[in-house]
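J.: My file is input.csv. It has CSV, C-alpha atoms and all ligand atoms:
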```csv
chain,number,residue,atom,x,y,z
D,9,MET,CA,179.4,-22.7,352.8
D,10,THR,CA,182.2,-23.9,354.9
D,11,THR,CA,181.1,-24.3,358.5
D,12,TYR,CA,184.2,-24.9,360.6
D,13,SER,CA,187.8,-23.8,360.9
D,14,ILE,CA,190.1,-26.7,361.7
D,15,HIS,CA,193.6,-26.4,363.2
D,16,VAL,CA,196.2,-29.0,364.4
D,17,VAL,CA,197.8,-27.6,367.6
D,18,GLU,CA,201.1,-29.1,368.6
D,19,TYR,CA,201.9,-29.2,372.3
D,20,ALA,CA,205.0,-31.4,372.3
D,21,THR,CA,207.5,-33.0,369.9
D,22,ALA,CA,209.4,-36.2,370.1
D,23,PRO,CA,212.6,-36.3,368.0
D,24,ASP,CA,213.6,-39.9,367.8
D,25,ASN,CA,210.9,-42.5,367.3
D,26,PRO,CA,211.3,-45.9,365.6
D,27,ILE,CA,209.7,-45.8,362.2
D,28,GLY,CA,208.7,-49.5,362.7
D,29,ALA,CA,206.1,-48.3,365.3
D,30,PHE,CA,204.4,-46.3,362.6
D,31,LEU,CA,204.9,-48.4,359.4
D,32,ASN,CA,204.3,-52.1,359.9
D,33,GLY,CA,207.3,-54.2,359.1
D,34,LYS,CA,209.8,-51.3,358.7
D,35,TYR,CA,211.9,-52.6,361.6
D,36,ASN,CA,215.3,-51.3,360.4
D,37,ALA,CA,214.2,-48.0,358.9
D,38,GLY,CA,215.7,-45.8,361.7
D,39,VAL,CA,213.9,-43.1,363.6
D,40,CYS,CA,211.8,-40.0,362.8
D,41,PRO,CA,210.4,-37.0,364.6
D,42,ILE,CA,206.7,-37.0,365.6
D,43,LEU,CA,204.3,-34.2,366.6
D,44,PHE,CA,202.1,-34.5,369.7
D,45,GLY,CA,199.0,-32.5,369.0
D,46,PHE,CA,195.2,-32.2,369.2
D,47,ILE,CA,192.8,-30.7,366.7
D,48,VAL,CA,190.5,-27.7,367.2
D,49,ILE,CA,187.2,-27.5,365.3
D,50,ARG,CA,185.7,-24.1,365.6
D,51,GLY,CA,182.4,-22.6,364.2
D,52,GLU,CA,178.7,-22.1,365.0
D,53,GLY,CA,179.4,-21.4,368.6
D,54,ILE,CA,181.2,-24.7,369.0
D,55,VAL,CA,184.9,-25.1,370.1
D,56,ALA,CA,185.5,-28.9,369.9
D,57,LEU,CA,188.8,-30.6,370.4
D,58,VAL,CA,189.7,-33.9,368.9
D,59,ASP,CA,191.8,-35.4,371.7
D,60,ALA,CA,193.0,-33.6,374.8
D,61,GLY,CA,196.7,-33.8,374.9
D,62,PHE,CA,198.4,-34.9,378.1
D,63,ASP,CA,199.7,-33.4,381.4
D,64,TRP,CA,203.4,-34.2,381.4
D,65,GLU,CA,203.7,-33.1,385.1
D,66,LEU,CA,200.8,-35.2,386.4
D,67,HIS,CA,200.8,-38.4,384.3
D,68,ASP,CA,202.5,-41.6,385.2
D,69,LYS,CA,205.9,-41.5,383.4
D,70,LYS,CA,206.0,-45.3,383.0
D,71,HIS,CA,203.8,-44.9,379.9
D,72,THR,CA,206.5,-42.8,378.2
D,73,SER,CA,209.6,-44.8,379.2
D,74,GLY,CA,211.8,-44.8,376.2
D,75,LEU,CA,210.1,-41.8,374.6
D,76,THR,CA,212.0,-38.6,374.5
D,77,VAL,CA,209.5,-35.8,374.7
D,78,ASP,CA,210.8,-32.4,373.7
D,79,LYS,CA,209.3,-28.9,374.2
D,80,TRP,CA,206.2,-30.1,376.1
D,81,GLU,CA,203.9,-27.3,376.9
D,82,SER,CA,200.5,-27.5,378.6
D,83,PRO,CA,197.7,-28.1,376.0
D,84,ALA,CA,195.7,-25.4,377.9
D,85,LYS,CA,198.5,-22.9,377.3
D,86,VAL,CA,199.1,-23.7,373.6
D,87,LEU,CA,195.4,-23.4,373.0
D,88,GLN,CA,195.6,-19.8,374.2
D,89,SER,CA,198.0,-19.0,371.3
D,90,LEU,CA,194.9,-19.3,369.1
D,91,GLY,CA,193.0,-16.9,371.4
D,92,ILE,CA,191.0,-19.8,373.0
D,93,ALA,CA,190.7,-20.2,376.8
D,94,PRO,CA,190.4,-23.7,378.2
D,95,ALA,CA,187.0,-22.7,379.6
D,96,ASP,CA,185.8,-21.9,376.1
D,97,VAL,CA,186.1,-25.5,375.0
D,98,THR,CA,182.6,-26.9,374.6
D,99,HIS,CA,183.3,-30.5,373.5
D,100,VAL,CA,186.2,-33.0,373.5
D,101,LEU,CA,186.2,-36.0,371.2
D,102,PRO,CA,189.0,-38.4,372.3
D,103,THR,CA,189.9,-40.8,369.5
D,104,HIS,CA,191.1,-43.3,372.1
D,105,ALA,CA,192.3,-43.5,375.7
D,106,HIS,CA,196.1,-43.5,375.2
D,107,PHE,CA,197.7,-41.1,377.7
D,108,ASP,CA,198.7,-38.6,375.0
D,109,HIS,CA,195.1,-38.3,373.7
D,110,LEU,CA,193.1,-38.4,376.9
D,111,GLY,CA,195.4,-37.2,379.7
D,112,GLY,CA,194.5,-33.5,379.2
D,113,LEU,CA,190.8,-34.0,380.0
D,114,ARG,CA,191.2,-32.1,383.3
D,115,TYR,CA,192.2,-28.9,381.5
D,116,PHE,CA,188.7,-28.3,380.1
D,117,PRO,CA,186.2,-27.6,382.9
D,118,ASN,CA,183.2,-26.9,380.7
D,119,ALA,CA,183.6,-29.5,378.0
D,120,HIS,CA,181.4,-32.5,377.3
D,121,PHE,CA,183.3,-35.7,376.2
D,122,TYR,CA,182.3,-38.3,373.6
D,123,MET,CA,184.2,-41.6,373.3
D,124,GLN,CA,183.3,-45.2,372.3
D,125,GLU,CA,182.0,-47.2,375.2
D,126,ARG,CA,184.1,-50.2,374.1
D,127,GLU,CA,187.3,-48.2,374.5
D,128,LEU,CA,186.6,-47.4,378.1
D,129,SER,CA,185.2,-50.8,379.2
D,130,ASP,CA,188.0,-52.7,377.5
D,131,TRP,CA,190.6,-50.7,379.3
D,132,VAL,CA,188.9,-51.4,382.6
D,133,TRP,CA,188.9,-55.1,381.8
D,134,ARG,CA,192.5,-55.1,380.8
D,135,MET,CA,193.4,-53.3,384.0
D,136,SER,CA,191.8,-56.2,385.9
D,137,LEU,CA,194.2,-58.8,384.4
D,138,ASP,CA,197.2,-60.0,386.2
D,139,SER,CA,200.7,-58.6,385.5
D,140,ARG,CA,201.5,-61.2,382.8
D,141,PHE,CA,199.1,-59.3,380.6
D,142,ARG,CA,200.5,-55.8,381.3
D,143,TRP,CA,201.6,-55.2,377.7
D,144,LEU,CA,197.9,-54.9,377.0
D,145,THR,CA,197.7,-51.8,379.1
D,146,SER,CA,200.6,-50.0,377.4
D,147,PHE,CA,200.2,-46.3,377.0
D,148,VAL,CA,197.2,-45.9,379.2
D,149,ASP,CA,197.2,-44.1,382.5
D,150,SER,CA,194.7,-45.6,384.9
D,151,ALA,CA,194.1,-42.2,386.5
D,152,ASP,CA,192.7,-41.0,383.1
D,153,ILE,CA,190.3,-44.0,383.0
D,154,LEU,CA,189.1,-43.2,386.6
D,155,GLU,CA,188.6,-39.5,385.5
D,156,CYS,CA,186.4,-40.6,382.6
D,157,ILE,CA,184.2,-42.7,385.0
D,158,ASP,CA,184.0,-39.7,387.3
D,159,LEU,CA,183.0,-37.4,384.4
D,160,ALA,CA,180.4,-40.0,383.3
D,161,ARG,CA,179.0,-40.0,386.8
D,162,LYS,CA,178.7,-36.2,386.6
D,163,GLY,CA,176.9,-36.3,383.2
D,164,ARG,CA,179.8,-34.9,381.3
D,165,PHE,CA,181.0,-38.0,379.5
D,166,THR,CA,178.9,-39.7,376.8
D,167,LEU,CA,179.9,-43.3,375.9
D,168,LEU,CA,178.8,-44.2,372.4
D,169,LYS,CA,177.7,-47.6,371.2
D,170,GLY,CA,179.1,-47.5,367.7
D,171,ARG,CA,178.7,-45.1,364.9
D,172,SER,CA,177.1,-41.7,365.9
D,173,ASP,CA,176.3,-39.2,363.1
D,174,ASN,CA,175.7,-35.5,363.9
D,175,VAL,CA,177.1,-35.7,367.4
D,176,LEU,CA,177.7,-32.1,366.6
D,177,PRO,CA,176.2,-30.5,363.5
D,178,GLY,CA,177.9,-32.1,360.5
D,179,ILE,CA,180.4,-34.0,362.8
D,180,ASP,CA,180.2,-37.9,362.9
D,181,LEU,CA,182.1,-40.3,365.2
D,182,VAL,CA,182.9,-43.6,363.5
D,183,PRO,CA,184.3,-46.6,365.5
D,184,ALA,CA,187.3,-48.6,364.3
D,185,PHE,CA,187.1,-51.6,366.6
D,186,ASP,CA,190.1,-53.8,367.3
D,187,THR,CA,192.6,-51.6,365.4
D,188,HIS,CA,195.1,-49.3,367.2
D,189,THR,CA,193.1,-50.0,370.4
D,190,ALA,CA,189.9,-51.9,371.1
D,191,GLY,CA,187.5,-49.0,370.7
D,192,SER,CA,189.3,-46.3,368.7
D,193,GLN,CA,187.1,-43.9,366.7
D,194,TYR,CA,187.8,-41.3,364.0
D,195,VAL,CA,186.0,-38.0,363.4
D,196,VAL,CA,184.3,-37.0,360.1
D,197,VAL,CA,183.7,-33.3,359.7
D,198,ARG,CA,181.3,-32.7,356.8
D,199,ASN,CA,182.2,-29.1,356.3
D,200,SER,CA,180.1,-28.0,353.4
D,201,ALA,CA,176.4,-27.7,354.2
D,202,ARG,CA,176.8,-31.0,356.2
D,203,THR,CA,177.0,-33.0,353.0
D,204,GLN,CA,179.7,-35.5,352.2
D,205,ALA,CA,181.5,-33.0,350.0
D,206,ASP,CA,184.4,-31.0,351.6
D,207,SER,CA,184.9,-33.6,354.4
D,208,TRP,CA,187.9,-33.9,356.7
D,209,ILE,CA,188.8,-37.1,358.5
D,210,LEU,CA,190.6,-36.7,361.8
D,211,ALA,CA,192.1,-40.1,362.2
D,212,GLY,CA,193.7,-40.2,365.7
D,213,ASP,CA,196.3,-43.0,365.7
D,214,LEU,CA,194.6,-45.1,363.0
D,215,VAL,CA,197.3,-43.7,360.7
D,216,TYR,CA,200.5,-42.1,361.9
D,217,GLN,CA,202.2,-41.0,358.8
D,218,PHE,CA,201.3,-40.2,355.1
D,219,GLU,CA,202.9,-43.5,354.1
D,220,ASN,CA,200.1,-45.4,356.0
D,221,LEU,CA,197.7,-43.9,353.4
D,222,ASP,CA,199.8,-44.6,350.2
D,223,GLY,CA,202.6,-47.0,351.2
D,224,GLY,CA,205.1,-44.3,350.1
D,225,ASP,CA,204.2,-45.2,346.5
D,226,ALA,CA,202.4,-42.2,344.9
D,227,GLU,CA,202.2,-44.0,341.5
D,228,LYS,CA,200.6,-47.2,342.8
D,229,PRO,CA,199.4,-46.4,346.3
D,230,PHE,CA,198.6,-49.1,348.9
D,231,TYR,CA,197.4,-49.2,352.5
D,232,LEU,CA,200.3,-49.8,354.9
D,233,PRO,CA,199.1,-50.4,358.5
D,234,ILE,CA,200.7,-48.8,361.5
D,235,GLY,CA,203.1,-50.9,363.6
D,236,ALA,CA,201.9,-50.0,367.1
D,237,ALA,CA,198.5,-51.7,367.5
D,238,SER,CA,196.9,-54.1,370.0
D,239,GLY,CA,194.2,-55.0,367.5
D,240,SER,CA,194.4,-56.3,363.9
D,241,ALA,CA,196.5,-55.1,361.0
D,242,PHE,CA,193.7,-56.3,358.7
D,243,ASN,CA,191.1,-54.1,360.5
D,244,LEU,CA,193.6,-51.1,360.2
D,245,VAL,CA,193.9,-51.6,356.4
D,246,MET,CA,190.1,-51.8,356.0
D,247,THR,CA,189.6,-48.7,358.2
D,248,THR,CA,192.2,-46.8,356.2
D,249,HIS,CA,190.2,-47.6,353.0
D,250,GLU,CA,187.0,-46.5,354.8
D,251,MET,CA,188.5,-43.2,355.9
D,252,ILE,CA,189.8,-42.3,352.4
D,253,GLU,CA,186.4,-43.2,350.9
D,254,ALA,CA,184.7,-40.9,353.5
D,255,ALA,CA,187.0,-38.1,352.3
D,256,GLY,CA,185.7,-38.6,348.7
D,257,GLY,CA,188.9,-40.5,347.8
D,258,ASP,CA,191.2,-37.6,348.7
D,259,ARG,CA,194.0,-39.0,350.9
D,260,THR,CA,195.2,-35.5,351.9
D,261,ARG,CA,191.9,-35.0,353.7
D,262,VAL,CA,192.7,-37.8,356.2
D,263,ILE,CA,194.8,-36.2,358.9
D,264,PRO,CA,197.3,-38.3,361.0
D,265,VAL,CA,197.7,-36.1,364.1
D,266,HIS,CA,201.3,-37.3,364.9
D,267,GLU,CA,202.6,-36.5,361.4
D,268,SER,CA,205.2,-33.7,361.7
D,269,ARG,CA,205.1,-33.1,357.9
D,270,LEU,CA,201.5,-31.7,358.2
D,271,ALA,CA,203.3,-28.4,358.8
D,272,GLU,CA,204.8,-28.6,355.3
D,273,ARG,CA,201.6,-29.7,353.6
D,274,PHE,CA,199.3,-27.0,355.1
D,275,PRO,CA,199.9,-23.3,356.1
D,276,SER,CA,201.4,-23.2,359.6
D,277,ALA,CA,203.0,-20.8,362.1
D,278,THR,CA,205.3,-21.3,365.1
D,279,SER,CA,203.9,-20.2,368.4
D,280,GLU,CA,205.6,-18.5,371.3
D,281,TYR,CA,206.4,-22.0,372.7
D,282,GLY,CA,208.3,-23.0,369.6
D,283,LEU,CA,205.4,-25.4,368.6
D,284,LYS,CA,203.4,-25.5,365.4
D,285,VAL,CA,199.8,-24.3,364.7
D,286,ILE,CA,198.7,-25.9,361.4
D,287,GLU,CA,195.7,-24.4,359.5
D,288,LEU,CA,193.8,-27.2,357.7
D,289,CYS,CA,190.9,-25.0,356.6
D,290,LEU,CA,189.0,-21.8,357.5
D,291,GLY,CA,185.2,-21.5,357.9
D,292,ASP,CA,183.4,-18.9,355.9
D,293,GLY,CA,184.0,-15.4,357.4
D,294,HIS,CA,186.8,-16.7,359.7
D,295,GLU,CA,190.2,-15.1,359.5
D,296,SER,CA,193.5,-17.0,359.6
D,297,VAL,CA,194.9,-17.3,363.1
D,298,LEU,CA,198.4,-17.7,361.8
D,299,PRO,CA,199.4,-13.9,361.8
D,300,SER,CA,198.3,-13.5,365.4
D,301,VAL,CA,200.1,-16.7,366.4
D,302,GLU,CA,203.3,-15.2,364.8
D,303,ALA,CA,202.7,-11.8,366.4
D,304,ARG,CA,202.4,-13.3,369.9
D,305,ALA,CA,205.6,-15.3,369.2
D,306,ALA,CA,207.5,-12.1,368.1
D,307,ALA,CA,206.2,-10.2,371.2
D,308,ALA,CA,207.4,-13.0,373.5
D,309,SER,CA,210.8,-13.1,371.9
D,310,ASN,CA,211.2,-9.3,372.5
D,311,ARG,CA,210.4,-9.6,376.2
D,401,ZN,ZN,197.5,-44.2,370.5
```
What would the structure in this file look like if it were written as structure tokens?
Ligand SMILES: [Zn+2]

T.:
Amino acid sequence: MTTYSIHVVEYATAPDNPIGAFLNGKYNAGVCPILFGFIVIRGEGIVALVDAGFDWELHDKKHTSGLTVDKWESPAKVLQSLGIAPADVTHVLPTHAHFDHLGGLRYFPNAHFYMQERELSDWVWRMSLDSRFRWLTSFVDSADILECIDLARKGRFTLLKGRSDNVLPGIDLVPAFDTHTAGSQYVVVRNSARTQADSWILAGDLVYQFENLDGGDAEKPFYLPIGAASGSAFNLVMTTHEMIEAAGGDRTRVIPVHESRLAERFPSATSEYGLKVIELCLGDGHESVLPSVEARAAAASNR
């Protein structure tokens, strides 16, 4: 019995990114494309997103200076290419508060949010420091932090104190403190009768590329931490091990959401926006969304 269908939904691409940001120490390895996306978990009346995307029109552009974002489309719109309206989203599980993971929280009027308390409080503390410490607030939009506090005040944002199992049936949130950010978390979906078998690990930015999981050495794999982190490379290595263990040792079940090659590893379709929808798995009785994504894209191109 497989409970949930899981899809990676791309809402923007960035063509030229320094590989050193993704693979620690690879300073002269050139550039590579990355995907900007969020993940949809659907089943049992739940439509949960892992991360919320960002609003390119609203957000403070200083956080993306130097980043060439291509083909951005509103996360609310790309979600509709799967037949899901923004109001249908029941839960959002932000892995961390960087603008491209949290900035879309305004799109989902009925969702309840779950993030680590340490992630939010640490950003507030960093924002209070003087300008010499401004590197510590890279990639966070203070307007998003204020929005989280407002949602908490309204009873729509739960701040977790550490590991929280079964936040939703068979879905666990696991902290990875002092790694990519102070209070990052990853999502474990135990997709088969809520046991450890058939688990998917939705890793946020704890890994960026497949090489973080195997060092690019399939024969003798090793854990290669990401480059872009304000916490510890040591903690990133230990978290990578923990995530692979949670996936029963299967590295392909640990999903780096920025990895553009996910579309080669799993079945995928290109939406009417020229962006990918990637099908990680289907719940029992669920049909693939890929044919309807392609049909909508074909109809749009004939208009
Ligand atoms: Zn990040």

J.: Which of these residues is nearest to Lys34 (chain D), using all atoms listed in the file: D:Gly223, D:Ile252, D:His15, D:Glu125?

T.: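 Going through D:Gly223, D:Ile252, D:His15, D:Glu125 one by one, the smallest distance to Lys34 (chain D) is for D:Gly223.
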
J.: List all protein, DNA and RNA residues that have any atom at most 10 Å from ligand ZN 401 (chain D), counting only C-alpha atoms and all ligand atoms, and write the list as a PyMOL selection string.

T.: chain D and resi 103-110+146-148+188-189+192+212-216+236-238+266

J.: Within 12 Å of (183.2, -23.8, 349.6), in the coordinates the file gives, what residues turn up when you count all atoms listed in the file, written out as an mmCIF file with C-alpha atoms, in the coordinates of the input?

T.:
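Wrote selection-v1.cif, looks like this:
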```
data_model
loop_
_atom_site.group_PDB
_atom_site.id
_atom_site.type_symbol
_atom_site.label_atom_id
_atom_site.label_comp_id
_atom_site.auth_asym_id
_atom_site.auth_seq_id
_atom_site.Cartn_x
_atom_site.Cartn_y
_atom_site.Cartn_z
ATOM 1 C CA MET D 9 179.400 -22.700 352.800
ATOM 2 C CA THR D 10 182.200 -23.900 354.900
ATOM 3 C CA THR D 11 181.100 -24.300 358.500
ATOM 4 C CA TYR D 12 184.200 -24.900 360.600
ATOM 5 C CA ARG D 198 181.300 -32.700 356.800
ATOM 6 C CA ASN D 199 182.200 -29.100 356.300
ATOM 7 C CA SER D 200 180.100 -28.000 353.400
ATOM 8 C CA ALA D 201 176.400 -27.700 354.200
ATOM 9 C CA ARG D 202 176.800 -31.000 356.200
ATOM 10 C CA THR D 203 177.000 -33.000 353.000
ATOM 11 C CA ALA D 205 181.500 -33.000 350.000
ATOM 12 C CA ASP D 206 184.400 -31.000 351.600
ATOM 13 C CA SER D 207 184.900 -33.600 354.400
ATOM 14 C CA CYS D 289 190.900 -25.000 356.600
ATOM 15 C CA LEU D 290 189.000 -21.800 357.500
ATOM 16 C CA GLY D 291 185.200 -21.500 357.900
ATOM 17 C CA ASP D 292 183.400 -18.900 355.900
ATOM 18 C CA GLY D 293 184.000 -15.400 357.400
#
```

J.: Excluding region 16-28 of chain D and residues on its chain fewer than 3 positions from it, collect all residues at most 7 Å away from it, counting only C-alpha atoms, and give them as a PyMOL selection string.

T.: chain D and resi 31-35+37-48+76-83+86+235+283-287

J.: How about saving the chosen residues, C-alpha atoms kept, as a short mmCIF file (atom, residue, chain, number, x, y, z; two decimals), keeping the file's coordinate frame?

T.:
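Saved as again39.cif:
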```
data_model
loop_
_atom_site.label_atom_id
_atom_site.label_comp_id
_atom_site.auth_asym_id
_atom_site.auth_seq_id
_atom_site.Cartn_x
_atom_site.Cartn_y
_atom_site.Cartn_z
CA LEU D 31 204.90 -48.40 359.40
CA ASN D 32 204.30 -52.10 359.90
CA GLY D 33 207.30 -54.20 359.10
CA LYS D 34 209.80 -51.30 358.70
CA TYR D 35 211.90 -52.60 361.60
CA ALA D 37 214.20 -48.00 358.90
CA GLY D 38 215.70 -45.80 361.70
CA VAL D 39 213.90 -43.10 363.60
CA CYS D 40 211.80 -40.00 362.80
CA PRO D 41 210.40 -37.00 364.60
CA ILE D 42 206.70 -37.00 365.60
CA LEU D 43 204.30 -34.20 366.60
CA PHE D 44 202.10 -34.50 369.70
CA GLY D 45 199.00 -32.50 369.00
CA PHE D 46 195.20 -32.20 369.20
CA ILE D 47 192.80 -30.70 366.70
CA VAL D 48 190.50 -27.70 367.20
CA THR D 76 212.00 -38.60 374.50
CA VAL D 77 209.50 -35.80 374.70
CA ASP D 78 210.80 -32.40 373.70
CA LYS D 79 209.30 -28.90 374.20
CA TRP D 80 206.20 -30.10 376.10
CA GLU D 81 203.90 -27.30 376.90
CA SER D 82 200.50 -27.50 378.60
CA PRO D 83 197.70 -28.10 376.00
CA VAL D 86 199.10 -23.70 373.60
CA GLY D 235 203.10 -50.90 363.60
CA LEU D 283 205.40 -25.40 368.60
CA LYS D 284 203.40 -25.50 365.40
CA VAL D 285 199.80 -24.30 364.70
CA ILE D 286 198.70 -25.90 361.40
CA GLU D 287 195.70 -24.40 359.50
#
```

J.: Using Å and a single decimal, report how far CA of Asp138 (chain D) sits from CA of Ala29 (chain D).

T.: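 A separation of 25.6 Å between them.
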
J.: Figure out the distance between CA of Val297 (chain D) and CA of His99 (chain D), please, to one decimal in Å.

T.: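 Between these atoms lies a distance of 20.4 Å.
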
J.: Identify which of the residues D:Val301, D:Asn220, D:Val58, D:Tyr115 lies closest to Asp180 (chain D), counting all atoms listed in the file when measuring atom-to-atom distances.

T.: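 Distance minimum relative to Asp180 (chain D) lands on D:Val58.
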
J.: Just how far from CA of Val245 (chain D) is CA of Pro275 (chain D), in Å to one decimal?

T.: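 Computing the Euclidean distance for CA of Pro275 (chain D) and CA of Val245 (chain D) yields 28.9 Å.
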
J.: Can you pull out every residue within 12 Å of Glu127 (chain D), counting all atoms listed in the file, but drop anything in the same chain fewer than 4 positions away, and send it as a PyMOL selection string?

T.: chain D and resi 102-106+110+122-123+131-134+145+148+153+156+167-170+183-193+239
